[in-house]
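A.B. asks: Here you go, one structure.
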Amino acid sequence: MSKISLIRGSVVNMDVDAIVNAANESLLGGSGVDGAIHQAAGPELLNECRTLNGCRTGEAKITKAYNIKNAKHIIHTVGPVYHGDKKDADLLASCYEKSLDLALENGCKSIAFPGISTGVYGYPLNEAARVSLMAVNTWLELHDDVEMNVFLCCFKDAEMDAYKEIFD
């Protein structure tokens with residue numbers, strides 16, 4: 001049976017089949033969680049990412065986890081830069097759905113997400129939490145025959161607070 005868990009911490013430290021990287025379109029590393037994942041995984045990740053020809057917003061691509069020993073895969077997804085229109089929510093939801101699709105296609109039974117688009121891309125935490133939770137719940141309902149343990153990782157207290165408002 002699938003379940004969603006709220007975790008205080010970094011995806012880099014999660015013991016799961018796949019961790020999700022909130023990447024930029026180049027997939028070649030950046031700041032925040034993207035930089036932390038690239039640093040932890042080592043230079044082999046950058047080499048593999050160079051072969052993927054980037055990634056469009058709302059889409060996802062998968063790589064090996066390399067030096068991140070507690071995960072098998074890294075799923076890179078590109079969230080939208082927040083503008084405040086419905087398209088933002090659709091693209092953000094797509095990041096979660098496409099990441100879960102890739103996890104399933106690659107035999108994963110557990111996946112850890114960071115907050116996607118909530119850093120430099122400016123997505124408001126409360127709205128991002130609502131969109132992500134709806135997207136994950138919908139995906140799990142559509143795949144009720146699949147076992148997938150989903151961890152929503154909150155690196156900051158403000159992220160945890162945004163999710164707790166919805167969970168309570």
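Within each chain, counting starts at residue 1; across the structure tokens, chains are named A, B, ... in the order shown, with ligands numbered 1 upward in that order.
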Excluding Gly122 in chain A and any residue of its chain fewer than 5 positions from it, enumerate the residues within 9 Å of it, using only C-alpha atoms, and give them as a VMD selection string.
C.D. replies: chain A and resid 80 to 83 117
A.B. asks: May I have the selected residues written with C-alpha atoms, as a compact mmCIF listing (two decimals), in the first residue's frame?
C.D. replies:
```
# COMPACT_ATOMS: atom_id res chain seq x y z
CA PRO A 80 8.09 26.58 -13.36
CA VAL A 81 9.24 30.07 -12.50
CA TYR A 82 6.24 31.46 -10.62
CA HIS A 83 4.09 34.01 -12.45
CA SER A 117 10.12 25.74 -7.58
```
A.B. asks: For range 87-96 of chain A, list every protein, DNA or RNA residue within 9 Å, evaluated using only C-alpha atoms, and leave out those in the same chain fewer than 2 positions away; present the list as a ChimeraX atom specification.
C.D. replies: /A:57-60,77-85,98-101,113,116-117,123,127-128,131-136,139
A.B. asks: Let's see if you can do this: from backbone DSSP, list all alpha helix (DSSP H) residues in range 61-133 of chain A, as an NGL selection string.
C.D. replies: :A and (86-105 or 125-133)
A.B. asks: Dump as CSV the rows for residues of range 106-127 of chain A within 8 Å of range 18-39 of chain A: closest atom pair and distance in Å with one decimal, only C-alpha atoms counted, ordered by chain and rising residue number.
C.D. replies:
```
residue,atom,partner,partner_atom,distance
A:Cys108,CA,A:Ala18,CA,6.8
A:Ser110,CA,A:Ala18,CA,6.5
A:Ile111,CA,A:Ala18,CA,4.8
A:Ala112,CA,A:Ile19,CA,4.8
A:Phe113,CA,A:Val20,CA,5.1
A:Pro114,CA,A:Val20,CA,6.7
A:Gly115,CA,A:Ala22,CA,7.5
A:Ile116,CA,A:Ala22,CA,5.3
A:Ser117,CA,A:Ala22,CA,7.0
A:Gly119,CA,A:Gly32,CA,7.4
```
A.B. asks: Write out as a tab-separated table the residues of range 82-160 of chain A that have any atom within 6 Å of an atom of range 3-13 of chain A, one row each with the nearest atom pair and its distance in Å to one decimal, counting only C-alpha atoms, sorted by chain and then rising number.
C.D. replies:
```
residue	atom	partner	partner_atom	distance
A:Ala112	CA	A:Val11	CA	5.9
A:Asn149	CA	A:Lys3	CA	5.1
A:Val150	CA	A:Ile4	CA	4.7
A:Phe151	CA	A:Ser5	CA	4.8
A:Leu152	CA	A:Leu6	CA	5.0
A:Cys153	CA	A:Ile7	CA	4.8
A:Cys154	CA	A:Arg8	CA	4.8
A:Phe155	CA	A:Gly9	CA	4.8
```
A.B. asks: May I have the residues from that selection written out with N, CA and C atoms, as an mmCIF file, in the first residue's frame?
C.D. replies:
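Result saved to out28.cif:
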```cif
data_model
loop_
_atom_site.group_PDB
_atom_site.id
_atom_site.type_symbol
_atom_site.label_atom_id
_atom_site.label_comp_id
_atom_site.auth_asym_id
_atom_site.auth_seq_id
_atom_site.Cartn_x
_atom_site.Cartn_y
_atom_site.Cartn_z
ATOM 1 N N ALA A 112 11.703 10.422 -2.907
ATOM 2 C CA ALA A 112 11.750 11.586 -2.020
ATOM 3 C C ALA A 112 11.799 12.859 -2.859
ATOM 4 N N ASN A 149 6.048 4.557 -1.878
ATOM 5 C CA ASN A 149 6.162 5.379 -0.678
ATOM 6 C C ASN A 149 6.764 6.714 -1.071
ATOM 7 N N VAL A 150 5.987 7.771 -0.865
ATOM 8 C CA VAL A 150 6.368 9.115 -1.289
ATOM 9 C C VAL A 150 6.736 9.927 -0.055
ATOM 10 N N PHE A 151 7.928 10.492 -0.083
ATOM 11 C CA PHE A 151 8.401 11.337 1.007
ATOM 12 C C PHE A 151 8.499 12.773 0.499
ATOM 13 N N LEU A 152 7.831 13.678 1.182
ATOM 14 C CA LEU A 152 7.905 15.099 0.864
ATOM 15 C C LEU A 152 8.868 15.700 1.875
ATOM 16 N N CYS A 153 10.055 16.054 1.408
ATOM 17 C CA CYS A 153 11.121 16.516 2.288
ATOM 18 C C CYS A 153 11.088 18.032 2.421
ATOM 19 N N CYS A 154 11.086 18.471 3.653
ATOM 20 C CA CYS A 154 11.050 19.898 3.959
ATOM 21 C C CYS A 154 12.391 20.283 4.564
ATOM 22 N N PHE A 155 13.159 21.044 3.825
ATOM 23 C CA PHE A 155 14.481 21.443 4.289
ATOM 24 C C PHE A 155 14.385 22.564 5.319
#
```
A.B. asks: Ranking A:Ser2, A:Ala129, A:Thr63, A:Pro124 by minimum distance to Met148 in chain A and counting only C-alpha atoms, which one comes first?
C.D. replies: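 Ranking A:Ser2, A:Ala129, A:Thr63, A:Pro124 by distance to Met148 in chain A, first place goes to A:Ser2.
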A.B. asks: Which residues in chain A does DSSP call strand (DSSP E)? List them as a PDB file with N, CA and C atoms, in the first residue's frame.
C.D. replies:
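Writing done, so here's result.pdb:
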```pdb
ATOM      1  N   LYS A   3       1.941   5.259   0.524  1.00  0.00           N
ATOM      2  CA  LYS A   3       1.666   6.285   1.518  1.00  0.00           C
ATOM      3  C   LYS A   3       2.534   7.514   1.258  1.00  0.00           C
ATOM      4  N   ILE A   4       2.080   8.630   1.804  1.00  0.00           N
ATOM      5  CA  ILE A   4       2.793   9.898   1.706  1.00  0.00           C
ATOM      6  C   ILE A   4       3.268  10.252   3.109  1.00  0.00           C
ATOM      7  N   SER A   5       4.557  10.592   3.231  1.00  0.00           N
ATOM      8  CA  SER A   5       5.125  10.977   4.519  1.00  0.00           C
ATOM      9  C   SER A   5       5.778  12.344   4.399  1.00  0.00           C
ATOM     10  N   LEU A   6       5.641  13.120   5.432  1.00  0.00           N
ATOM     11  CA  LEU A   6       6.254  14.438   5.529  1.00  0.00           C
ATOM     12  C   LEU A   6       7.516  14.298   6.373  1.00  0.00           C
ATOM     13  N   ILE A   7       8.659  14.730   5.836  1.00  0.00           N
ATOM     14  CA  ILE A   7       9.949  14.544   6.493  1.00  0.00           C
ATOM     15  C   ILE A   7      10.658  15.889   6.612  1.00  0.00           C
ATOM     16  N   ARG A   8      11.249  16.149   7.763  1.00  0.00           N
ATOM     17  CA  ARG A   8      12.073  17.351   7.931  1.00  0.00           C
ATOM     18  C   ARG A   8      13.494  16.952   7.596  1.00  0.00           C
ATOM     19  N   ALA A  18      14.632   6.476  -5.279  1.00  0.00           N
ATOM     20  CA  ALA A  18      14.893   7.645  -6.125  1.00  0.00           C
ATOM     21  C   ALA A  18      14.723   8.929  -5.325  1.00  0.00           C
ATOM     22  N   ILE A  19      15.665   9.845  -5.533  1.00  0.00           N
ATOM     23  CA  ILE A  19      15.492  11.191  -5.012  1.00  0.00           C
ATOM     24  C   ILE A  19      15.212  12.109  -6.194  1.00  0.00           C
ATOM     25  N   VAL A  20      14.455  13.149  -5.943  1.00  0.00           N
ATOM     26  CA  VAL A  20      14.104  14.090  -7.006  1.00  0.00           C
ATOM     27  C   VAL A  20      14.952  15.335  -6.866  1.00  0.00           C
ATOM     28  N   ASN A  21      15.464  15.791  -7.989  1.00  0.00           N
ATOM     29  CA  ASN A  21      16.258  17.006  -8.062  1.00  0.00           C
ATOM     30  C   ASN A  21      15.412  18.111  -8.674  1.00  0.00           C
ATOM     31  N   ALA A  22      15.279  19.214  -7.962  1.00  0.00           N
ATOM     32  CA  ALA A  22      14.627  20.406  -8.512  1.00  0.00           C
ATOM     33  C   ALA A  22      15.672  21.107  -9.373  1.00  0.00           C
ATOM     34  N   ALA A  60      10.581  15.428 -16.775  1.00  0.00           N
ATOM     35  CA  ALA A  60      11.541  14.799 -15.866  1.00  0.00           C
ATOM     36  C   ALA A  60      12.426  13.826 -16.630  1.00  0.00           C
ATOM     37  N   LYS A  61      13.654  13.673 -16.148  1.00  0.00           N
ATOM     38  CA  LYS A  61      14.605  12.706 -16.700  1.00  0.00           C
ATOM     39  C   LYS A  61      15.303  12.015 -15.540  1.00  0.00           C
ATOM     40  N   ILE A  62      15.799  10.812 -15.781  1.00  0.00           N
ATOM     41  CA  ILE A  62      16.380  10.002 -14.705  1.00  0.00           C
ATOM     42  C   ILE A  62      17.840   9.685 -14.992  1.00  0.00           C
ATOM     43  N   THR A  63      18.636   9.650 -13.913  1.00  0.00           N
ATOM     44  CA  THR A  63      20.045   9.259 -13.992  1.00  0.00           C
ATOM     45  C   THR A  63      20.340   8.299 -12.841  1.00  0.00           C
ATOM     46  N   LYS A  64      21.555   7.787 -12.855  1.00  0.00           N
ATOM     47  CA  LYS A  64      22.050   7.035 -11.703  1.00  0.00           C
ATOM     48  C   LYS A  64      22.300   8.016 -10.565  1.00  0.00           C
ATOM     49  N   HIS A  73      18.588   6.098  -7.935  1.00  0.00           N
ATOM     50  CA  HIS A  73      18.344   7.007  -9.056  1.00  0.00           C
ATOM     51  C   HIS A  73      18.164   8.440  -8.573  1.00  0.00           C
ATOM     52  N   ILE A  74      18.442   9.361  -9.496  1.00  0.00           N
ATOM     53  CA  ILE A  74      18.078  10.767  -9.314  1.00  0.00           C
ATOM     54  C   ILE A  74      17.130  11.108 -10.454  1.00  0.00           C
ATOM     55  N   ILE A  75      15.973  11.609 -10.093  1.00  0.00           N
ATOM     56  CA  ILE A  75      15.010  12.056 -11.095  1.00  0.00           C
ATOM     57  C   ILE A  75      15.068  13.579 -11.109  1.00  0.00           C
ATOM     58  N   HIS A  76      15.431  14.116 -12.247  1.00  0.00           N
ATOM     59  CA  HIS A  76      15.594  15.559 -12.405  1.00  0.00           C
ATOM     60  C   HIS A  76      14.319  16.120 -13.027  1.00  0.00           C
ATOM     61  N   THR A  77      13.740  17.104 -12.378  1.00  0.00           N
ATOM     62  CA  THR A  77      12.543  17.733 -12.920  1.00  0.00           C
ATOM     63  C   THR A  77      12.705  19.244 -12.847  1.00  0.00           C
ATOM     64  N   SER A 110      10.012   3.678  -3.705  1.00  0.00           N
ATOM     65  CA  SER A 110      10.076   4.829  -2.806  1.00  0.00           C
ATOM     66  C   SER A 110      10.751   5.996  -3.527  1.00  0.00           C
ATOM     67  N   ILE A 111      10.266   7.200  -3.207  1.00  0.00           N
ATOM     68  CA  ILE A 111      10.764   8.409  -3.861  1.00  0.00           C
ATOM     69  C   ILE A 111      10.688   9.564  -2.873  1.00  0.00           C
ATOM     70  N   ALA A 112      11.703  10.422  -2.907  1.00  0.00           N
ATOM     71  CA  ALA A 112      11.750  11.586  -2.020  1.00  0.00           C
ATOM     72  C   ALA A 112      11.799  12.859  -2.859  1.00  0.00           C
ATOM     73  N   PHE A 113      10.858  13.752  -2.590  1.00  0.00           N
ATOM     74  CA  PHE A 113      10.772  15.034  -3.292  1.00  0.00           C
ATOM     75  C   PHE A 113      11.235  16.179  -2.399  1.00  0.00           C
ATOM     76  N   ASN A 149       6.048   4.557  -1.878  1.00  0.00           N
ATOM     77  CA  ASN A 149       6.162   5.379  -0.678  1.00  0.00           C
ATOM     78  C   ASN A 149       6.764   6.714  -1.071  1.00  0.00           C
ATOM     79  N   VAL A 150       5.987   7.771  -0.865  1.00  0.00           N
ATOM     80  CA  VAL A 150       6.368   9.115  -1.289  1.00  0.00           C
ATOM     81  C   VAL A 150       6.736   9.927  -0.055  1.00  0.00           C
ATOM     82  N   PHE A 151       7.928  10.492  -0.083  1.00  0.00           N
ATOM     83  CA  PHE A 151       8.401  11.337   1.007  1.00  0.00           C
ATOM     84  C   PHE A 151       8.499  12.773   0.499  1.00  0.00           C
ATOM     85  N   LEU A 152       7.831  13.678   1.182  1.00  0.00           N
ATOM     86  CA  LEU A 152       7.905  15.099   0.864  1.00  0.00           C
ATOM     87  C   LEU A 152       8.868  15.700   1.875  1.00  0.00           C
ATOM     88  N   CYS A 153      10.055  16.054   1.408  1.00  0.00           N
ATOM     89  CA  CYS A 153      11.121  16.516   2.288  1.00  0.00           C
ATOM     90  C   CYS A 153      11.088  18.032   2.421  1.00  0.00           C
ATOM     91  N   CYS A 154      11.086  18.471   3.653  1.00  0.00           N
ATOM     92  CA  CYS A 154      11.050  19.898   3.959  1.00  0.00           C
ATOM     93  C   CYS A 154      12.391  20.283   4.564  1.00  0.00           C
TER      94      CYS A 154
END
```
A.B. asks: Using only C-alpha atoms, find each residue of range 52-145 of chain A with at least one atom at most 6 Å away from an atom of range 41-47 of chain A; report its shortest atom-to-atom pair and that distance in Å (one decimal), sort the rows by chain and rising residue number, and return the result as a tab-separated table.
C.D. replies:
```
residue	atom	partner	partner_atom	distance
A:Tyr66	CA	A:Ala41	CA	5.2
A:Asn67	CA	A:Ala41	CA	4.4
A:Ile68	CA	A:Ala41	CA	5.1
```
A.B. asks: Can you write out the residues you just picked, keeping N, CA and C atoms, as a JSON list (two decimals), in the first residue's frame?
C.D. replies:
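What landed in again25.json:
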```
[["chain", "number", "residue", "atom", "x", "y", "z"],
["A", 66, "TYR", "N", 25.03, 7.68, -8.48],
["A", 66, "TYR", "CA", 26.49, 7.74, -8.33],
["A", 66, "TYR", "C", 26.92, 7.69, -6.87],
["A", 67, "ASN", "N", 27.53, 8.73, -6.33],
["A", 67, "ASN", "CA", 28.08, 8.70, -4.97],
["A", 67, "ASN", "C", 27.03, 8.85, -3.87],
["A", 68, "ILE", "N", 25.78, 9.03, -4.23],
["A", 68, "ILE", "CA", 24.71, 9.06, -3.24],
["A", 68, "ILE", "C", 24.29, 7.60, -3.03]]
```
A.B. asks: Hey, can you check how far CA of Ala71 in chain A sits from CA of Ile166 in chain A?
C.D. replies: 28.1 Å
A.B. asks: Rounded to one decimal place, report the CA of Asp17 in chain A-CA of Lys109 in chain A distance in Å.
C.D. replies: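 We find that CA of Asp17 in chain A and CA of Lys109 in chain A lie 6.5 Å from each other.
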